[in-house]
Structure formats: C-alpha cells, structure tokens
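*Asks:* The structure follows.
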Amino acid sequence: MSGFPEAAARALGDSQLRRNIGKATSTIRAKRAAVVGELDDWEALRDAGAAIKARALATLPEQLERLEAAVAAAGGVVHWARDAAEANAIVAGIARDHAFDEVIKVKSMATDEIGLNAALAAQGVRAVETDLAELIVQLSGDRPSHILVPAIHRNREEIRALFARTIGDGDSSEPAALAEAARRHLRAKFLSVPMAVSGANFAVAETGTVCVVESEGNGRFCVTLPEVLVTVMGIEKVLGEWRDLEVMLQLLPRSSTGERMNPYTSLWTGVHERDGPREFHLVLLDNGRSDVLADEVGRDALRCIRCSACLNVCPVYSRTGGHAYESVYPGPIGAILTPQLRGLDEAPTLPWASSLCGACYEVCPVKIDIPSILVHLRGRVVREQHARLSPEDLAMRAVARVFGSRRAYERSQRLARLGRGPLARLPIGPLAGWTAMRDLPEVPAQSFREWWRTRA
Amino acid sequence: MTARDEVLGRIRAALGPDPPVPDVPRAYRQAGRAAGAVELFCERAAEYRARVVQASAGGLAETLAEVCRARGTARLVRARGVAWEVPGVEVVSDDPAAPATDLDGAAGALTGCALAIAETGTIVLDGGPACGRRALTLVPDHHVCVVRAEQVVARVPEAIAALGGAARDGRALTFVSGPSATSDIELERVEGVHGPRLLDIVVVR
C-alpha cells in the first residue's frame, strides 16, 4: 500500500474518474433520501438494526454454534476458516474433490477480501464473476471501486470497448445492449457450470437460513442451478433470530440502491429436495474479525451490512473514488474496517481519510459512529507508533525526564547557557532544517530560579 | 486445535468474560393498514415495471390469456400444484421437473405465490406446490404470477412473520420485486438481465 494521501492524489488526477464517481454518488444519494423519507419509522428501524447486530456480536460464539447446528440439520456442511489462506484452501478443496475446473460466482466482498479468484486460479480452477459490474472489473483486470457498483469508475463507452475486446460483443454502448451482451455471455455458464461460490448478506442462527440480496438474477442462478454451492461468509454476518430479517430487509435495500426492495432476495436453508444444489457448504471466515471484536470502540464496525450509503455521502470518497483506499472496503467504512482487519501498521493513513463531517454516521442504517471510531483509531495509530521509539519520541521522553526533577531542570539550564554559542546554527541532526532559517533562542545569562535565590 | 475451536476461542477472548448484551428495541411498525393494501401493492409493483392486472376469480383464465397474448407467450410451464388453464396457450405441468436447459428458451412460467407485500411491491415464492421449484421462475424469460387479494400484506414485518414457518421447515424463499434489473452502467436502470425480463402479476379479487 502506498498510503491514502498518495493514492488519493493519483485518483484526483483522473478527471474522467471524478466525473463518473460524482455523477454516481449524487444519483444514489438522491434516490436513497427519497425512499428513506417515505418511512415514518426509519429511525426506529435504525435503532433496532444497530441493536440486532450489536446483540449478535455480543453473543457471537453462541450464534455461530446455533447457525452451525441448524445448517447441519438441514443437510449443509459447515467449515471454519481462521484466515484467507484457510478459506481459499477449503473452497479449492471442494472444487478439486469433484474434479471441477470452473466455478461461477456471485458478487461477494468476503471472497474479494480473501483473494479467492487468484487462489482458485493457482489450483487450476477458473472463477467466473456473474454480476455485471464484477464481470466488467474482471474482464478489464481492474479492481472494484465501489461496494455496490464496482465498475462505477467506467462509463458506457469504456465498457463497450472492453466487451468488444474480450467477449466479442460490443456493437452498441447503450446500457441495455451491454446488459444483453452480458446475458448472452453468462447464460451458457449458468446452465452448465456445476459449482457456484457466493457470499452472504445475512445468515439466521435460529433457522440456518442464508440470505443473498441482489438485482440481476445472477445470484438466483448461482444459488439454484449448480450441483454444489459454497457460501463464504464473515462471522459477523450472523443474525440471531428469523424475525431480525424484518428489520434488515427494510434497512438494506433502501440504504443501498435506494429502492423499496431490491429485485431479488434469495433465502435458503441447507439443501432442498428436488430444488437447488445437492450439496451446500458454508465457510465461516474469521480473517481478522476476532481482532476487531477485541477493540471495544472499533468493534462497532463489524455491524456493517455493506450497504455503501456512507460512501455516497462522503465528501472525500465522492472525489477520490474507491481505489484511493487500496482495499476492497473503500469509503468511510473502509477507513475504519481495513486498518482493523489488516492491522493498523498496514494501513496507518486511512483513519485520516476523512474530514470528520459526520454524514456517514447520519446515513448508516445500523448507526455505526464512524467519526468516533476514526478518532479512536487515530489515537491508536499515534500511540502504537510512539511505542516504537521514533527520534521525536526519544526526544520527548528526554524532555519529560528533565522537566520531571528540579535538579535535572536546573542543570540543563546551565548546560544550555554553555552550549548555545556554538550550537546557534545546528549543522546536522533533526533540527538542522529549523536552524537554517532562524537562530536558536538566546538563553538568558541568569535563570529566574538563580535570580530568585539571590533575592533571598 | 481445530479451526473451529480456535476461532471460537479468539472470539470469546475478544469479548471478555461477561460482555453486555443489548436488548433489541422494536418500536418500528409491525403492521400497516390492511385497507387499501391491494391497491398499494398494484401501484408499487407497477413502479418496478412489472405489469399488474386485476381479474375476478371467474375471469382469471381470460385475463391470463390476454397477458400471454400481449407478450407473445404461446407455451407456459405451470407449477405442479396449480391447475389453471389458459385458452389459446399450451400449458404443461412442471411434474416431472424438466432439466433447467429445457426451461431455457421461449417458455413462460405460471405460478401462484406465498404472499405479496404492498409497501414494497414484492411477491414472495416459497417453493411450495403453488410456487414451484426455484428454477421454474428463474430460467424462462416470462413469469406470470397469480396473487389472490387476501395474500397481500401491508408491510415487511407481517411478511417475515408469515414466512417463519416455511423457513423453519427449511424451504427456500425468493422475494421478487419487479423483473431483474441492473444499474451497473452509469447507474442507468436496465430491466431484464439474467432473471425473467418480463414479469406479469395478476391480482385476483
């Protein structure tokens, strides 16, 4: 990672990108505001959503065990993964056991996070993204730039040229024609590829039900037609009760796409006789999440339901776009999630990628206080860097020692008087730059304490 | 140590011995007004560019025929638990279930639903005899869904409460709000991507 300031400067230099992102974020912002305004109980839903997620996190071991038992009872197989490598190995192992060399995928942040596609490729298994935007990103060898609309940084002409080059189908740059081209390209895959990999928006511990929310129908194809379905989900996605969906299925679509309801929501429980995959695997992924949970302030970031409302209202994101955050989780939520998941020393600049204006907190459907967590993480970055004894820190410690005792303080005043002459201009060392333009201050011939003693 | 034990152990250590467990305040609306719910459902489903028509119980067959004529659908595969006939259209039962590749092509699907949600314009399919298996309403390009007026609930919480039994029985549920759609290219909405591009909802009252 090059750090946010450098990556943001690069992104800001791309005026096409800025126009695309600006148009997209303002459009979704307006749609969201309209459908949220329709509900007179929106704030009560947010309160409930925040508490549902907080409660599930506070009882996480119990919820995961309930989920595991319910999925197993319904004929599914549950796997646990400590980290990305373990999760990737589980998925690759399932493909290998069946001698499959191709899988279809539903857009999933968790599998982006663990780099599943590359890991499968290394095992000779090709992963085909089926969400239109993810397909665009995959065909162009690019990275997603928005949680919800990963190809938000590409306009129609760029996509037409890409399709013409890669799938030989790019006669028109009309969005309808481009969607039709993707449909033709993927229909054959849906009907023939025997294994699919998905993420999960929610999983209900009580019933063992997994939920995927989408628009295009690619998700329905992936969870319905293949023989084998593997779902990789972060452990924080679990909900305690079936009833909790009555809140989440109102909060998510309105916050996310600005719709009253997204076109398709699939809910399935294990395997179903004569309907859908014959084999279902659920991979429960930690990959840093239990570390996040250990921070009593930062853990609220795990409530996130990946709606992306905070991206669209953020004055920083709406100018830099997603790539500047150098993570699959961009925007305000990424600024608090990435440093916690990867470790603060991996992404120490991200907590500063914000003006702390608070717009993200206002729109968050599960009331994550992102500005407070940003400030908390800034404090942690500074404290942890200090623990590593930088020159500045060593100097500060020395000063603290001197100011801590009268004798040491007076001795240093005498030394300063002696030493100042030759040191008025420091030729080398950390202060050389400072004294190149100005002298060190004159030290008086007599200190206040010495003068006070002569009075006595 | 297994991954399971290690992950659970890390979580327990992170939470500490006695983490506070918040109660869930449920001050939001549990139900909406039943009066006018059917009209609201028709209006909201139509906003998603589903075509919504109303029919009397006696006039259902003729309405279905009109719907198929308007879309040029000459053949329908019907969920195994429904018995509707459509004049002028070849209707076959999805029993025994044909392979998905056979559903690909010109055929439409004819099903009922588990319930419908007025506020969001949503129909819910539950894999039961009236709704059929999931592939039936996914692979064909045209889905004709019959909703009885008394199946319409006002708001989402009523729907989730009514569907709890199906979920506990382990049935697969699909919420459908309009035809498949994408806004992935410059956020311009395109109806009809992978799922059925044509959705007709016939409300029987």
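In the structure tokens, the first chain shown is A, the next is B, and so on; residue numbers restart at 1 for each chain, and ligands run from 1 in the order shown.
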With a cut-off of 7 Å and counting only C-alpha atoms, select all residues of chain A in contact with chain B and give the selection as a PyMOL selection string.
*Replies:* chain A and resi 24+41+44-45+47-48+51-52+54-55+58+61+74+80-82+132-133+149+151-152+155-156+175-176+179-180+183+191+207+215-218+224-225+242-243+246+260-269+272+275+286+290-291+293-294
*Asks:* Nearest to Ala98 of chain B: which of A:Lys237, A:His146, A:Arg274, A:Arg66 is it, counting only C-alpha atoms?
*Replies:*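 Nearest to Ala98 of chain B: A:Arg274.
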*Asks:* Give me, please, the distance in Å between atom CA of Tyr317 of chain A and atom CA of Glu296 of chain A, quoted to one decimal.
*Replies:*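 One can read the atom CA of Tyr317 of chain A to atom CA of Glu296 of chain A distance as 26.4 Å.
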*Asks:* Calculated over only C-alpha atoms, which of the candidates B:Ala109, B:Ala162, B:Val153, B:Leu115 has the smallest distance to Thr137 of chain B?
*Replies:*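 Selected residue with least distance to Thr137 of chain B: B:Ala109.
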*Asks:* Considering only helix (DSSP H, G or I) as DSSP defines it on the backbone, what residues of segment 3-204 of chain B qualify? List them as a PDB file with C-alpha atoms, in the first residue's frame.
*Replies:*
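selection.pdb, freshly written:
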ATOM      1  CA  ALA B   3     -10.033 -24.007  13.238  1.00  0.00           C
ATOM      2  CA  ARG B   4     -13.464 -24.093  14.853  1.00  0.00           C
ATOM      3  CA  ASP B   5     -12.081 -24.200  18.393  1.00  0.00           C
ATOM      4  CA  GLU B   6      -9.503 -21.564  17.627  1.00  0.00           C
ATOM      5  CA  VAL B   7     -11.962 -19.110  16.042  1.00  0.00           C
ATOM      6  CA  LEU B   8     -14.486 -19.563  18.851  1.00  0.00           C
ATOM      7  CA  GLY B   9     -11.690 -19.208  21.420  1.00  0.00           C
ATOM      8  CA  ARG B  10     -10.450 -15.970  19.853  1.00  0.00           C
ATOM      9  CA  ILE B  11     -13.982 -14.562  19.821  1.00  0.00           C
ATOM     10  CA  ARG B  12     -14.542 -15.469  23.478  1.00  0.00           C
ATOM     11  CA  ALA B  13     -11.225 -13.910  24.443  1.00  0.00           C
ATOM     12  CA  ALA B  14     -12.063 -10.754  22.465  1.00  0.00           C
ATOM     13  CA  LEU B  15     -15.463 -10.371  24.100  1.00  0.00           C
ATOM     14  CA  ALA B  37     -53.145  -2.680   0.693  1.00  0.00           C
ATOM     15  CA  VAL B  38     -54.102  -4.366  -2.584  1.00  0.00           C
ATOM     16  CA  GLU B  39     -54.225  -1.042  -4.433  1.00  0.00           C
ATOM     17  CA  LEU B  40     -50.885  -0.042  -2.945  1.00  0.00           C
ATOM     18  CA  PHE B  41     -49.359  -3.381  -3.966  1.00  0.00           C
ATOM     19  CA  CYS B  42     -50.552  -2.953  -7.568  1.00  0.00           C
ATOM     20  CA  GLU B  43     -49.180   0.565  -7.719  1.00  0.00           C
ATOM     21  CA  ARG B  44     -45.792  -0.272  -6.210  1.00  0.00           C
ATOM     22  CA  ALA B  45     -45.239  -3.451  -8.248  1.00  0.00           C
ATOM     23  CA  ALA B  46     -46.048  -1.495 -11.410  1.00  0.00           C
ATOM     24  CA  GLU B  47     -43.442   1.120 -10.467  1.00  0.00           C
ATOM     25  CA  ALA B  57     -61.977 -15.254  -9.980  1.00  0.00           C
ATOM     26  CA  GLY B  58     -64.291 -16.138 -12.837  1.00  0.00           C
ATOM     27  CA  GLY B  59     -62.333 -14.086 -15.352  1.00  0.00           C
ATOM     28  CA  LEU B  60     -58.862 -15.385 -14.471  1.00  0.00           C
ATOM     29  CA  ALA B  61     -58.440 -17.693 -17.462  1.00  0.00           C
ATOM     30  CA  GLU B  62     -59.335 -14.951 -19.919  1.00  0.00           C
ATOM     31  CA  THR B  63     -57.040 -12.441 -18.176  1.00  0.00           C
ATOM     32  CA  LEU B  64     -54.152 -14.921 -18.297  1.00  0.00           C
ATOM     33  CA  ALA B  65     -54.800 -15.420 -21.991  1.00  0.00           C
ATOM     34  CA  GLU B  66     -54.642 -11.659 -22.588  1.00  0.00           C
ATOM     35  CA  VAL B  67     -51.404 -11.385 -20.627  1.00  0.00           C
ATOM     36  CA  CYS B  68     -49.803 -14.133 -22.730  1.00  0.00           C
ATOM     37  CA  ARG B  69     -51.079 -12.652 -25.992  1.00  0.00           C
ATOM     38  CA  ALA B  70     -49.623  -9.262 -25.114  1.00  0.00           C
ATOM     39  CA  ARG B  71     -46.197 -10.814 -24.510  1.00  0.00           C
ATOM     40  CA  ALA B 100     -33.147 -26.425 -16.492  1.00  0.00           C
ATOM     41  CA  THR B 101     -31.843 -26.386 -20.048  1.00  0.00           C
ATOM     42  CA  ASP B 102     -35.367 -27.306 -21.217  1.00  0.00           C
ATOM     43  CA  LEU B 103     -36.766 -24.272 -19.433  1.00  0.00           C
ATOM     44  CA  ARG B 134     -36.863 -22.073  -7.927  1.00  0.00           C
ATOM     45  CA  ALA B 135     -35.566 -22.816 -11.420  1.00  0.00           C
ATOM     46  CA  LEU B 136     -39.099 -22.626 -12.831  1.00  0.00           C
ATOM     47  CA  THR B 137     -39.469 -18.924 -12.101  1.00  0.00           C
ATOM     48  CA  ALA B 149     -56.071 -10.380  -2.887  1.00  0.00           C
ATOM     49  CA  GLU B 150     -56.090 -11.939   0.570  1.00  0.00           C
ATOM     50  CA  GLN B 151     -52.413 -12.895   0.159  1.00  0.00           C
ATOM     51  CA  VAL B 156     -42.348  -6.306   5.547  1.00  0.00           C
ATOM     52  CA  PRO B 157     -42.644  -7.417   9.230  1.00  0.00           C
ATOM     53  CA  GLU B 158     -46.015  -9.054   8.520  1.00  0.00           C
ATOM     54  CA  ALA B 159     -44.445 -10.972   5.644  1.00  0.00           C
ATOM     55  CA  ILE B 160     -41.464 -12.172   7.681  1.00  0.00           C
ATOM     56  CA  ALA B 161     -43.788 -13.325  10.466  1.00  0.00           C
ATOM     57  CA  ALA B 162     -45.963 -15.241   7.991  1.00  0.00           C
ATOM     58  CA  LEU B 163     -42.936 -16.868   6.335  1.00  0.00           C
ATOM     59  CA  GLY B 164     -41.337 -18.087   9.571  1.00  0.00           C
ATOM     60  CA  GLY B 165     -42.961 -21.498   9.289  1.00  0.00           C
ATOM     61  CA  ALA B 166     -41.633 -22.063   5.760  1.00  0.00           C
ATOM     62  CA  ALA B 167     -38.145 -21.025   6.882  1.00  0.00           C
ATOM     63  CA  ARG B 168     -38.259 -23.368   9.877  1.00  0.00           C
TER      64      ARG B 168
END
*Asks:* In Å to one decimal, how far is atom CA of Asp439 of chain A from atom CA of Val399 of chain A?
*Replies:*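 Value for the atom CA of Val399 of chain A-atom CA of Asp439 of chain A distance: 20.3 Å.
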*Asks:* Can you pull out the residues contacting segment 164-166 of chain A? Cut-off 12 Å, using only C-alpha atoms, and skip same-chain residues under 6 positions away; I want them as a list of chain:residue names.
*Replies:*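 Contacts, with the query itself left out: A:Leu135, A:Ile136, A:Val137, A:Gln138, A:Leu139, A:Ser140, A:Gly141, A:Glu157, A:Glu158, A:Ser172, A:Ser173, A:Leu178, A:Ala181, A:Ala182, A:His185.
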*Asks:* Go ahead and save the residues from that selection, with N, CA and C atoms, as a PDB file, in the first residue's frame.
*Replies:*
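Output below, filename result.pdb:
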ATOM      1  N   LEU A 135     -18.172  -8.532 -13.555  1.00  0.00           N
ATOM      2  CA  LEU A 135     -17.707  -9.078 -14.832  1.00  0.00           C
ATOM      3  C   LEU A 135     -16.863  -8.032 -15.564  1.00  0.00           C
ATOM      4  N   ILE A 136     -17.351  -6.778 -15.550  1.00  0.00           N
ATOM      5  CA  ILE A 136     -16.610  -5.692 -16.197  1.00  0.00           C
ATOM      6  C   ILE A 136     -15.238  -5.540 -15.537  1.00  0.00           C
ATOM      7  N   VAL A 137     -15.233  -5.572 -14.212  1.00  0.00           N
ATOM      8  CA  VAL A 137     -13.978  -5.423 -13.482  1.00  0.00           C
ATOM      9  C   VAL A 137     -13.045  -6.594 -13.782  1.00  0.00           C
ATOM     10  N   GLN A 138     -13.623  -7.814 -13.807  1.00  0.00           N
ATOM     11  CA  GLN A 138     -12.788  -8.993 -14.056  1.00  0.00           C
ATOM     12  C   GLN A 138     -12.226  -8.986 -15.479  1.00  0.00           C
ATOM     13  N   LEU A 139     -13.068  -8.650 -16.466  1.00  0.00           N
ATOM     14  CA  LEU A 139     -12.609  -8.665 -17.857  1.00  0.00           C
ATOM     15  C   LEU A 139     -11.525  -7.615 -18.095  1.00  0.00           C
ATOM     16  N   SER A 140     -11.589  -6.502 -17.348  1.00  0.00           N
ATOM     17  CA  SER A 140     -10.605  -5.443 -17.583  1.00  0.00           C
ATOM     18  C   SER A 140      -9.388  -5.585 -16.676  1.00  0.00           C
ATOM     19  N   GLY A 141      -9.364  -6.650 -15.846  1.00  0.00           N
ATOM     20  CA  GLY A 141      -8.219  -6.850 -14.955  1.00  0.00           C
ATOM     21  C   GLY A 141      -8.076  -5.717 -13.957  1.00  0.00           C
ATOM     22  N   GLU A 157     -18.929   3.930 -22.810  1.00  0.00           N
ATOM     23  CA  GLU A 157     -18.051   3.769 -23.979  1.00  0.00           C
ATOM     24  C   GLU A 157     -16.851   2.882 -23.619  1.00  0.00           C
ATOM     25  N   GLU A 158     -16.324   3.083 -22.422  1.00  0.00           N
ATOM     26  CA  GLU A 158     -15.209   2.238 -21.981  1.00  0.00           C
ATOM     27  C   GLU A 158     -15.658   0.779 -21.895  1.00  0.00           C
ATOM     28  N   SER A 172     -22.892  -1.787 -29.421  1.00  0.00           N
ATOM     29  CA  SER A 172     -23.541  -0.546 -29.010  1.00  0.00           C
ATOM     30  C   SER A 172     -23.105  -0.207 -27.600  1.00  0.00           C
ATOM     31  N   SER A 173     -23.091   1.082 -27.281  1.00  0.00           N
ATOM     32  CA  SER A 173     -22.728   1.478 -25.922  1.00  0.00           C
ATOM     33  C   SER A 173     -23.968   1.769 -25.076  1.00  0.00           C
ATOM     34  N   LEU A 178     -25.532  -3.500 -23.654  1.00  0.00           N
ATOM     35  CA  LEU A 178     -24.393  -4.066 -22.921  1.00  0.00           C
ATOM     36  C   LEU A 178     -24.868  -5.126 -21.929  1.00  0.00           C
ATOM     37  N   ALA A 181     -25.592  -8.222 -23.864  1.00  0.00           N
ATOM     38  CA  ALA A 181     -24.357  -8.931 -24.214  1.00  0.00           C
ATOM     39  C   ALA A 181     -23.880  -9.782 -23.040  1.00  0.00           C
ATOM     40  N   ALA A 182     -23.972  -9.214 -21.831  1.00  0.00           N
ATOM     41  CA  ALA A 182     -23.556  -9.960 -20.640  1.00  0.00           C
ATOM     42  C   ALA A 182     -24.489 -11.145 -20.417  1.00  0.00           C
ATOM     43  N   HIS A 185     -23.538 -13.909 -22.783  1.00  0.00           N
ATOM     44  CA  HIS A 185     -22.255 -14.481 -22.405  1.00  0.00           C
ATOM     45  C   HIS A 185     -22.400 -15.414 -21.195  1.00  0.00           C
TER      46      HIS A 185
END
*Asks:* Residues of segment 152-380 of chain A classed as strand (DSSP E or B) by DSSP on the backbone are to be reported as a PyMOL selection string.
*Replies:* chain A and resi 195-198+202-204+209-214+228-234+238-239+264-269+272+275+279-285
*Asks:* Got a sec: who's within 10 Å of Ala301 of chain A, counting only C-alpha atoms, leaving out chain neighbours fewer than 2 positions off, as a ChimeraX atom specification?
*Replies:* /A:236,289,292-293,297-299,303-305,333-334,336-337,340,366-370,373
